[in-house]
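Report on the structure given below.
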Amino acid sequence: MKILDLKTHVLSTPLDEGFAFAMGWVSRRSTMIVELITDDGVTGWGEALCHGLQPPQIAATIVQTALKPIVVGQDPFDVDVLWERMYNLTRPFGQKGAVPNAISAVDIAIWDCMGRALGKPIHKLLGGAYRTDVQPYAAGFYRRPGVSYPADAIAEARRHLAAGFTAMKLKIGFGVEEDIAYVRAVRDAIGPGPRLMVDANHAYNVGAARRILKAIEPAQIHWFEEPISPEDIDGYCELKNLTDIYLAAGENEFTKIGFREWVSRRAVDILQPDICAAGGFTECRKIAALAQAWHLPIVPHVWASGIGLAASLQFIATLAPAPLALHPIEPMLEYDQSAHPFRHDLIHGAITMQGGRVRIPDGPGLGIDVDRAVLDRYRCPADTA
Ligand code: CA
């Protein structure tokens, strides 16, 4: 089997109502989809994560100009060799950010293609599933214009609970005193039962993060995500173990090389690589092996559309509990509940929450099919590749 072509689909659409996180206002939903075509007639799909402020065209250009010449004509079953070539040949201008994002999309498409060729889901190719379904947590709680807080967040929390969620993550990073009052108010409103996490999107320095960490401890917070910049691993080491709240990070780190120091220095309690950003299945399985060797649990970051959601579920299926036990601590699925016009339509609505759980797709490859009409509907006008 040979790879004949890589097509890139750049999708972007404005939101009816923008929303803010700690780094700025998000006014569009965008993504970059890779379609991998083989001489056997098998097509594989992959997705590169586009953060709220990230133009999708960057990753598409990287695929078309830098990665396509490396993989076209090659056997997709040489996926590890192809990954190392993509990484090593882009090192001078890559290593972090949009280049690993683009490599991730190509790698996910290769794994989808291998699974489809063999008639097996990707989790079978990776050694099998530790679970058939996963507990999702609701990610959302972005700031909207013209509403008051914490009232709007309390209403949102109640909606998630009514929908069947038992865990959710609040966005913070809007000011130390405001965050402390906000987290306490939401916990008071929803009671002690639901699992609650907070995410500052690296809005703080160590001193400010320490003050928040200590002040929200009585609110029984499960983890504090990205309190400080991902470049400040020393700062994470200072913050860790100050309270019983787990420290979590990883969505802004890339490849096994990037994660090496986080793991070996025990800088966090929970590692959050994103399969659509950190290097796809080939690299995330190695990050998972590194983490396992340090007994560090992984709860992946997920913010992609349906293709990335399916890839994340395949990856989550393969994560060994750390440690394995009769009642092990299980990973969760980050399930973004904020506005996204094509997240579910792109895959014919194939992934849903039922009974408070999300099932791991068990069809070939990623286990989902892509709706080409949705690709065309949200395609950027300038996307001709
Ligand atoms: Ca986050």
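Convention: chains lettered A, B, ... in structure tokens order; per-chain residue numbering from 1; ligands numbered from 1 as shown.
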
Picked from stretch 162-261 of chain A by DSSP as strand (DSSP E or B), as an NGL selection string: :A and (167-171 or 195-199 or 204 or 221-225 or 228 or 246-249)

Could you build a table of the residues in chain A lying no more than 8 Å from ligand 1, giving for each the nearest pair of atoms and their separation in Å rounded to one decimal place, using only C-alpha atoms and all ligand atoms, ordered by chain and ascending residue number, as a tab-separated table?
```
residue	atom	partner	partner_atom_place_in_ligand_line	distance
A:Asp199	CA	ligand 1	1 (Ca)	5.7
A:Ala200	CA	ligand 1	1 (Ca)	7.4
A:Asn201	CA	ligand 1	1 (Ca)	5.6
A:Glu225	CA	ligand 1	1 (Ca)	6.4
A:Glu226	CA	ligand 1	1 (Ca)	6.6
A:Ala249	CA	ligand 1	1 (Ca)	7.7
A:Glu251	CA	ligand 1	1 (Ca)	6.6
A:His301	CA	ligand 1	1 (Ca)	6.9
```

Hey, what's within 12 Å of A:Gln57 if we count only C-alpha atoms and toss same-chain stuff fewer than 3 positions away? As a PDB file with C-alpha atoms, in the first residue's frame, please?
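Output contents, as saved in selection_6.pdb:
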```
ATOM      1  CA  THR A   8      -6.003  19.571   3.342  1.00  0.00           C
ATOM      2  CA  HIS A   9      -9.421  20.980   4.182  1.00  0.00           C
ATOM      3  CA  VAL A  10      -9.350  24.357   5.946  1.00  0.00           C
ATOM      4  CA  LEU A  11     -12.616  24.997   7.754  1.00  0.00           C
ATOM      5  CA  SER A  12     -13.590  28.205   9.523  1.00  0.00           C
ATOM      6  CA  SER A  30     -11.704  26.723  12.733  1.00  0.00           C
ATOM      7  CA  THR A  31      -9.879  23.521  12.005  1.00  0.00           C
ATOM      8  CA  MET A  32      -7.583  21.836   9.520  1.00  0.00           C
ATOM      9  CA  ILE A  33      -8.557  18.369   8.280  1.00  0.00           C
ATOM     10  CA  ALA A  48      -4.919  19.395  13.612  1.00  0.00           C
ATOM     11  CA  LEU A  49      -6.006  21.253  16.728  1.00  0.00           C
ATOM     12  CA  CYS A  50      -6.755  24.926  16.130  1.00  0.00           C
ATOM     13  CA  GLN A  54      -5.024  30.031  15.821  1.00  0.00           C
ATOM     14  CA  ALA A  60      -2.436  23.386   6.122  1.00  0.00           C
ATOM     15  CA  THR A  61       0.562  25.162   4.606  1.00  0.00           C
ATOM     16  CA  ILE A  62       2.928  23.016   6.685  1.00  0.00           C
ATOM     17  CA  VAL A  63       1.204  19.837   5.470  1.00  0.00           C
ATOM     18  CA  GLN A  64       1.251  20.913   1.823  1.00  0.00           C
ATOM     19  CA  THR A  65       4.770  22.330   1.682  1.00  0.00           C
ATOM     20  CA  ALA A  98       1.778  24.468  14.451  1.00  0.00           C
ATOM     21  CA  VAL A  99       4.319  21.994  13.024  1.00  0.00           C
ATOM     22  CA  ASN A 101      -0.165  20.147  15.067  1.00  0.00           C
ATOM     23  CA  ALA A 102       0.231  19.437  11.335  1.00  0.00           C
ATOM     24  CA  ARG A 379     -14.575  25.528   3.816  1.00  0.00           C
ATOM     25  CA  CYS A 380     -12.526  28.751   3.796  1.00  0.00           C
ATOM     26  CA  PRO A 381     -13.041  30.556   0.477  1.00  0.00           C
ATOM     27  CA  ALA A 382      -9.282  30.663  -0.159  1.00  0.00           C
ATOM     28  CA  ASP A 383      -8.824  26.916   0.509  1.00  0.00           C
ATOM     29  CA  THR A 384      -7.941  25.368  -2.832  1.00  0.00           C
ATOM     30  CA  ALA A 385      -5.269  22.788  -1.924  1.00  0.00           C
TER      31      ALA A 385
END
```

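Minimum distance to A:Gly355 across A:Ala162, A:Phe21, A:Trp83, A:Arg91 (counting only C-alpha atoms) occurs at A:Ala162.
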
Smallest atom-to-atom distance to A:Pro297: which of A:Gly173, A:Gly193, A:Gly250, A:Gly363, using only C-alpha atoms? A:Gly250

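You can rank A:Pro192, A:Pro56, A:Pro136, A:Pro92 by their closest distance to A:Ala163 using only C-alpha atoms, and at the top of that list sits A:Pro136.
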
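Nearest to A:Asp152 of all the residues A:Met168, A:Ala291, A:Ala185, A:Leu239 is A:Ala185, based on only C-alpha atoms.
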
Any chance you could list, as a VMD selection string, the residues in stretch 123-346 of chain A that come up alpha helix (DSSP H) when DSSP is run on the backbone? chain A and resid 123 to 125 151 to 163 176 to 190 206 to 215 233 to 239 255 to 264 280 to 293 306 to 317

Give me, as number ranges by chain, all polymer residues having an atom no more than 9 Å from A:Arg266, counting only C-alpha atoms and skipping those fewer than 4 positions away in the same chain. A: 237, 240, 261-262, 294, 296

Could you give me, as number ranges by chain, the residues within 9 Å of A:Val358, counting only C-alpha atoms and dropping anything in the same chain fewer than 4 positions from it? A: 132-136, 313, 333, 351-354

Serialized selection, N, CA, C and O atoms, as a CSV table (one decimal), in the first residue's frame:
```csv
chain,number,residue,atom,x,y,z
A,132,THR,N,-14.5,0.4,27.3
A,132,THR,CA,-15.4,0.5,26.2
A,132,THR,C,-16.1,1.9,26.1
A,132,THR,O,-16.7,2.3,25.2
A,133,ASP,N,-16.1,2.5,27.3
A,133,ASP,CA,-16.7,3.9,27.4
A,133,ASP,C,-15.9,4.7,28.4
A,133,ASP,O,-15.1,4.1,29.2
A,134,VAL,N,-16.2,6.0,28.5
A,134,VAL,CA,-15.5,6.8,29.3
A,134,VAL,C,-16.4,7.9,29.9
A,134,VAL,O,-17.4,8.3,29.3
A,135,GLN,N,-16.0,8.3,31.1
A,135,GLN,CA,-16.8,9.4,31.8
A,135,GLN,C,-16.4,10.7,31.1
A,135,GLN,O,-15.2,11.1,31.1
A,136,PRO,N,-17.3,11.5,30.5
A,136,PRO,CA,-17.0,12.8,30.0
A,136,PRO,C,-17.1,13.9,31.1
A,136,PRO,O,-17.8,13.7,32.0
A,313,LEU,N,-10.9,9.6,21.7
A,313,LEU,CA,-11.5,8.4,22.3
A,313,LEU,C,-10.7,7.1,22.0
A,313,LEU,O,-10.6,6.3,22.9
A,333,LEU,N,-13.0,12.0,29.5
A,333,LEU,CA,-13.0,12.7,28.2
A,333,LEU,C,-13.3,14.2,28.4
A,333,LEU,O,-14.3,14.5,29.0
A,351,ILE,N,-20.8,10.7,17.7
A,351,ILE,CA,-20.4,10.6,19.1
A,351,ILE,C,-21.3,11.4,20.0
A,351,ILE,O,-21.6,12.6,19.7
A,352,THR,N,-21.9,10.7,20.9
A,352,THR,CA,-22.9,11.3,21.8
A,352,THR,C,-22.6,10.8,23.3
A,352,THR,O,-22.0,9.8,23.5
A,353,MET,N,-23.2,11.6,24.2
A,353,MET,CA,-23.2,11.1,25.6
A,353,MET,C,-24.5,10.4,25.9
A,353,MET,O,-25.6,10.9,25.6
A,354,GLN,N,-24.4,9.2,26.4
A,354,GLN,CA,-25.6,8.4,26.8
A,354,GLN,C,-25.5,7.8,28.2
A,354,GLN,O,-24.5,7.2,28.4
```
